[in-house]
Structure formats: structure tokens, C-alpha cells
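Undergrad: The structure under discussion is supplied below as C-alpha cells; questions concerning it will follow.
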Amino acid sequence: MTYTVNCSILLTELPLLERPAAAKAAGFDAVEFWWPFDTSVPTDAQTAEFERAITDAGVQLTGLNFNAGNMPGGDRGLVSWPARSTEFQDNIDVVAGIGERLGCKAFNALYGNRTDDASPEEQDAVGAENLAAAAAGVARIGGTVLLEPVSGAPKYPLLTAADALKVIARVKEESGAENVKLLADFYHLAVNGDDVAAVIENHAKDFGHIQIADNPGRGAPGTGELPLGQWIARSRELGYDGYIGLEYKEPAATAFAWAIRQRVSN
């Protein structure tokens with residue numbers, strides 16, 4: 001099994017730039033990150049420092065989020081926000097540049113909460129345009145834009161796989177983009193009441209990425225009730241051959257005890 005450690009939610013006891021090395025020390029060769037900067041266009045020095053942390057640790061960056069705004073403050077993406085559309089578009093070249101230099105091909109674009117200053121129809125039109133622009137921006141490096149349903153954000157409109165796939169279909173119809181795919185986060189889908197097994201049966205071969213956490217609690221595999229192992233195995237059987245993102249909350253001391261206990265190589 002090929003796992004990638006999300007260093008924005010795991011190993012948080014350490015400074016951000018020390019986490020790739022900690023993931024390597026724990027036995028993993030791949031990491032992914034939410035957007036690690038405060039702005040859409042960080043300085044060259046900031047991006048270089050981030051990239052050095054990855055390369056010096058000897059790990060592969062397998063996934064990077066576009067700027068999603070103030071995540072601790074409740075933001076969940078800029079893609080569909082008319083007032084911040086320019087900010088999102090300015091972020092595209094920065095993301096693609098990091099991806100090109102580090103060999104990363106998967107880029108998660110959080111859609112964004114509903115806002116009071118634009119109608120849902122206006123937001124969805126902007127969202128489709130920005131996803132198409134992002135897809136074009138990363139296509140030059142062979143990249144894929146990921147779109148995911150999210151739980152725990154009352155104003156986030158994409159709750160099920162069908163919600164995200166509808167947006168993806170619109171982007172493809174309007175722009176011809178073929179490189180926008182579903183990010184199947186089994187935790188978010190399960191919490192939102194989606195039929196995860198059915199989503200896997202119908203779409204696993206087309207998943208752009210899988211992320212996991214157990215429920216309840218968004219903890220490590222085995223701390224809850226979700227059949228994560230079965231879902232991963234079935235996704236593999238149906239053609240998904242990418243990484244499995246570890247995106248759960250667990251203290252660093254016990255973060256990967258489940259993998260050791262199950263003798264899972266990565």
C-alpha cells in the first residue's frame with residue numbers, strides 16, 4: 001500500500017517545515033500539504049524554503065492544495081468566490097511552479113463556501129471558470145485538479161460525490177478540460193451520509209485521489225467504525241492505482257501505530 005502523509009493535519013507538534021523529515025523518519029516516502037503559505041503569491045524565498053524542506057527530507061510531494069483562504073477561520077476555498085477570483089487565479093502559476101519543481105501532479109482546489117455577496121448561480125459560474133483555468137494551468141506539467149466534497153462546513157455546497165461530479169462535468173462541458181477529477185475523501189463522504197461503497201463501485205477507476213480518516217472523530221484508521229481497508233481494497237480492484245492520503249488527527253507519538261500493528265508497508 002502506498003501512503004502519503006498529509007503534513008498539514010498530522011505531525012502538527014512540529015514546525016511545518018520539519019514535518020516532511022518526520023514523515024520520512026516514520027517510514028513514509030511521500031507527503032502532501034494544504035496550502036502552506038498565508039497568501040496566494042508567497043515570496044520566492046518562502047517557496048524555496050518549503051521546497052527545500054521536501055527535497056532535504058528525501059520525500060516525494062504527491063499533493064498540494066491551492067490557496068483555500070483562512071482554513072482555521074472557516075474558509076474552505078476560493079474557487080467559487082467572485083470577490084477573490086483574481087486571488088485564486090494568481091495562485092495557479094505558483095502552485096504549478098512548485099509542482100513542476102518537485103514533480104507533484106495532484107492539486108486540490110477547495111470549492112469554497114456559499115457567500116452572502118453572490119448568488120449560488122453566480123458562484124457556480126465563477127467556480128467552473130476558475131476550475132477550468134486551474135486545469136489549464138497544471139495541464140502543462142501533466143497535472144490534475146482535484147475537487148472534493150467536504151464535511152463540517154455548513155456553507156460548503158459540495159457534500160456528496162454526486163455534487164462534485166456535477167461540477168466536474170460542467171467544467172468539462174464548458175471548457176473541454178479532462179484533468180479535473182474527484183478527490184474521494186472517505187471520511188467526508190461517510191460523515192455526509194454518502195453511500196461510499198456505491199461511489200467506489202461507480203467511480204473508483206476515475207478517482208483522482210483517495211484520502212482517509214476514521215469516523216467518529218476523524219482519527220487514525222482503526223479508531224472508529226469505517227471499513228477503510230475494505231474500501232481501499234475495492235478501489236484498487238476497480239482500477240484506482242494512486243496514493244492513499246493519510247488525512248486524520250492523531251498525536252505524533254501514535255500517529256502511525258495502526259500501520260505498524262498491521263505490518264503495512266508504504
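Ordered as shown in the C-alpha cells, chains take letters A, B, and onward, while each chain numbers its residues from 1 and ligands are numbered from 1 in the order shown.
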Hey, what's within 6 Å of Val145 in chain A if we count only C-alpha atoms and toss same-chain stuff fewer than 4 positions away? As number ranges by chain, please?
TA: A: 107-108, 135, 180
Undergrad: As a PyMOL selection string, please: the residues near Val150 in chain A (cut-off 10 Å, only C-alpha atoms, same-chain neighbours under 6 positions excluded).
TA: chain A and resi 76+110-112+156-161+164+184-185+187-189+191-192
Undergrad: Go through A:Ile232, A:Ala22, A:Ala259, A:Ala106 and flag the residue nearest Ala197 in chain A, using only C-alpha atoms for the distances.
TA: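 Selected residue with least distance to Ala197 in chain A: A:Ile232.
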Undergrad: Using only C-alpha atoms, tabulate the residues of range 23-83 of chain A lying at most 8 Å from any atom of range 117-129 of chain A, each with its closest atom pair and that distance in Å to one decimal, by chain and increasing residue number, as JSON lines.
TA:
{"residue": "A:Val79", "atom": "CA", "partner": "A:Gly127", "partner_atom": "CA", "distance": 5.2}
{"residue": "A:Ser80", "atom": "CA", "partner": "A:Gly127", "partner_atom": "CA", "distance": 4.0}
{"residue": "A:Trp81", "atom": "CA", "partner": "A:Gln123", "partner_atom": "CA", "distance": 6.0}
{"residue": "A:Pro82", "atom": "CA", "partner": "A:Val126", "partner_atom": "CA", "distance": 6.3}
Undergrad: To one decimal place in Å, what is the distance between CA of Glu100 in chain A and CA of Ala133 in chain A?
TA: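 These two atoms are separated by 17.0 Å.
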Undergrad: I'd like the neighbourhood of Gly222 in chain A as number ranges by chain, where a residue qualifies if any of its atoms comes within 12 Å (using only C-alpha atoms), though same-chain residues fewer than 3 positions away should be ignored.
TA: A: 212-219, 225-229, 248, 250, 255-259, 261-262
Undergrad: Calculate how many Å separate CA of Ile210 in chain A from CA of Leu182 in chain A, rounding to one decimal.
TA: 8.8 Å
Undergrad: Find the residue from A:Glu201, A:Glu13, A:Asp116, A:Asp29 that sits nearest to Tyr243 in chain A; use only C-alpha atoms when measuring.
TA: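 Counting only C-alpha atoms, the residue closest to Tyr243 in chain A is A:Asp29.
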Undergrad: Could you go through range 51-86 of chain A and tell me which residues DSSP, when run on the backbone, assigns to alpha helix (DSSP H), listing them as a list of chain:residue names?
TA: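 Selection result, alpha helix (DSSP H) within range 51-86 of chain A: A:Glu51, A:Arg52, A:Ala53, A:Ile54, A:Thr55, A:Asp56, A:Ala57, A:Ser85, A:Thr86.
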Undergrad: Would you output that residue set with N, CA and C atoms, as a PDB file, in the first residue's frame?
TA:
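Wrote it out as result.pdb, contents follow:
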ATOM      1  N   GLU A  51      10.199  24.153  -0.541  1.00  0.00           N
ATOM      2  CA  GLU A  51      10.679  23.111  -1.440  1.00  0.00           C
ATOM      3  C   GLU A  51      11.918  22.410  -0.881  1.00  0.00           C
ATOM      4  N   ARG A  52      12.794  23.150  -0.235  1.00  0.00           N
ATOM      5  CA  ARG A  52      13.979  22.534   0.377  1.00  0.00           C
ATOM      6  C   ARG A  52      13.596  21.558   1.483  1.00  0.00           C
ATOM      7  N   ALA A  53      12.562  21.904   2.234  1.00  0.00           N
ATOM      8  CA  ALA A  53      12.122  21.008   3.306  1.00  0.00           C
ATOM      9  C   ALA A  53      11.680  19.657   2.745  1.00  0.00           C
ATOM     10  N   ILE A  54      11.085  19.681   1.565  1.00  0.00           N
ATOM     11  CA  ILE A  54      10.645  18.441   0.916  1.00  0.00           C
ATOM     12  C   ILE A  54      11.854  17.664   0.391  1.00  0.00           C
ATOM     13  N   THR A  55      12.696  18.346  -0.369  1.00  0.00           N
ATOM     14  CA  THR A  55      13.810  17.645  -1.008  1.00  0.00           C
ATOM     15  C   THR A  55      14.848  17.190   0.015  1.00  0.00           C
ATOM     16  N   ASP A  56      15.112  18.017   1.008  1.00  0.00           N
ATOM     17  CA  ASP A  56      16.100  17.625   2.021  1.00  0.00           C
ATOM     18  C   ASP A  56      15.631  16.411   2.823  1.00  0.00           C
ATOM     19  N   ALA A  57      14.326  16.276   2.980  1.00  0.00           N
ATOM     20  CA  ALA A  57      13.789  15.128   3.713  1.00  0.00           C
ATOM     21  C   ALA A  57      13.836  13.847   2.893  1.00  0.00           C
ATOM     22  N   SER A  85     -11.702  35.889  -6.877  1.00  0.00           N
ATOM     23  CA  SER A  85     -11.382  35.124  -8.075  1.00  0.00           C
ATOM     24  C   SER A  85      -9.988  35.452  -8.598  1.00  0.00           C
ATOM     25  N   THR A  86      -9.644  36.735  -8.621  1.00  0.00           N
ATOM     26  CA  THR A  86      -8.320  37.128  -9.098  1.00  0.00           C
ATOM     27  C   THR A  86      -7.227  36.535  -8.223  1.00  0.00           C
TER      28      THR A  86
END
Undergrad: At what distance in Å, to one decimal, does CA of Ala134 in chain A lie from CA of Gly74 in chain A?
TA: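 That distance, rounded to one decimal, is 22.6 Å.
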Undergrad: Counting only C-alpha atoms, which of A:Gly103, A:Arg170, A:Gly58, A:Asp93 gets nearest to Ala25 in chain A?
TA: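 Looking at the shortest contact to Ala25 in chain A, the residue is A:Gly58.
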Undergrad: Step one, run DSSP on the backbone; step two, keep only residues of range 13-227 of chain A assigned to strand (DSSP E or B); then write them as a PyMOL selection string.
TA: chain A and resi 30-33+60-65+106-108+144-147+180-185+209-212+214+219
Undergrad: Just checking: using only C-alpha atoms, which residue out of A:Leu238, A:Leu61, A:Val167, A:Leu146 ends up closest to Gly208 in chain A?
TA: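 Using only C-alpha atoms, the shortest distance to Gly208 in chain A belongs to A:Leu146.
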Undergrad: Out of A:Gln46, A:Ser151, A:Thr144, A:Asn130, which residue has the shortest atom-to-atom distance to Ser175 in chain A when counting only C-alpha atoms?
TA: A:Asn130
Undergrad: Which residues are near Ala253 in chain A? Cut-off 12 Å, only C-alpha atoms, ignore same chain within fewer than 6 positions. Put them as a PDB file with C-alpha atoms, in the first residue's frame.
TA:
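Saved to out.pdb:
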ATOM      1  CA  LEU A  10      -0.512  15.258  11.022  1.00  0.00           C
ATOM      2  CA  LEU A  11       2.728  15.862  12.930  1.00  0.00           C
ATOM      3  CA  THR A  12       1.437  19.271  13.962  1.00  0.00           C
ATOM      4  CA  GLU A  13       3.507  19.216  17.145  1.00  0.00           C
ATOM      5  CA  LEU A  14       6.418  20.127  14.876  1.00  0.00           C
ATOM      6  CA  ALA A  22       9.453  13.428  10.480  1.00  0.00           C
ATOM      7  CA  ALA A  23       7.264  11.585   7.979  1.00  0.00           C
ATOM      8  CA  ALA A  26       8.341   7.320  10.446  1.00  0.00           C
TER       9      ALA A  26
END
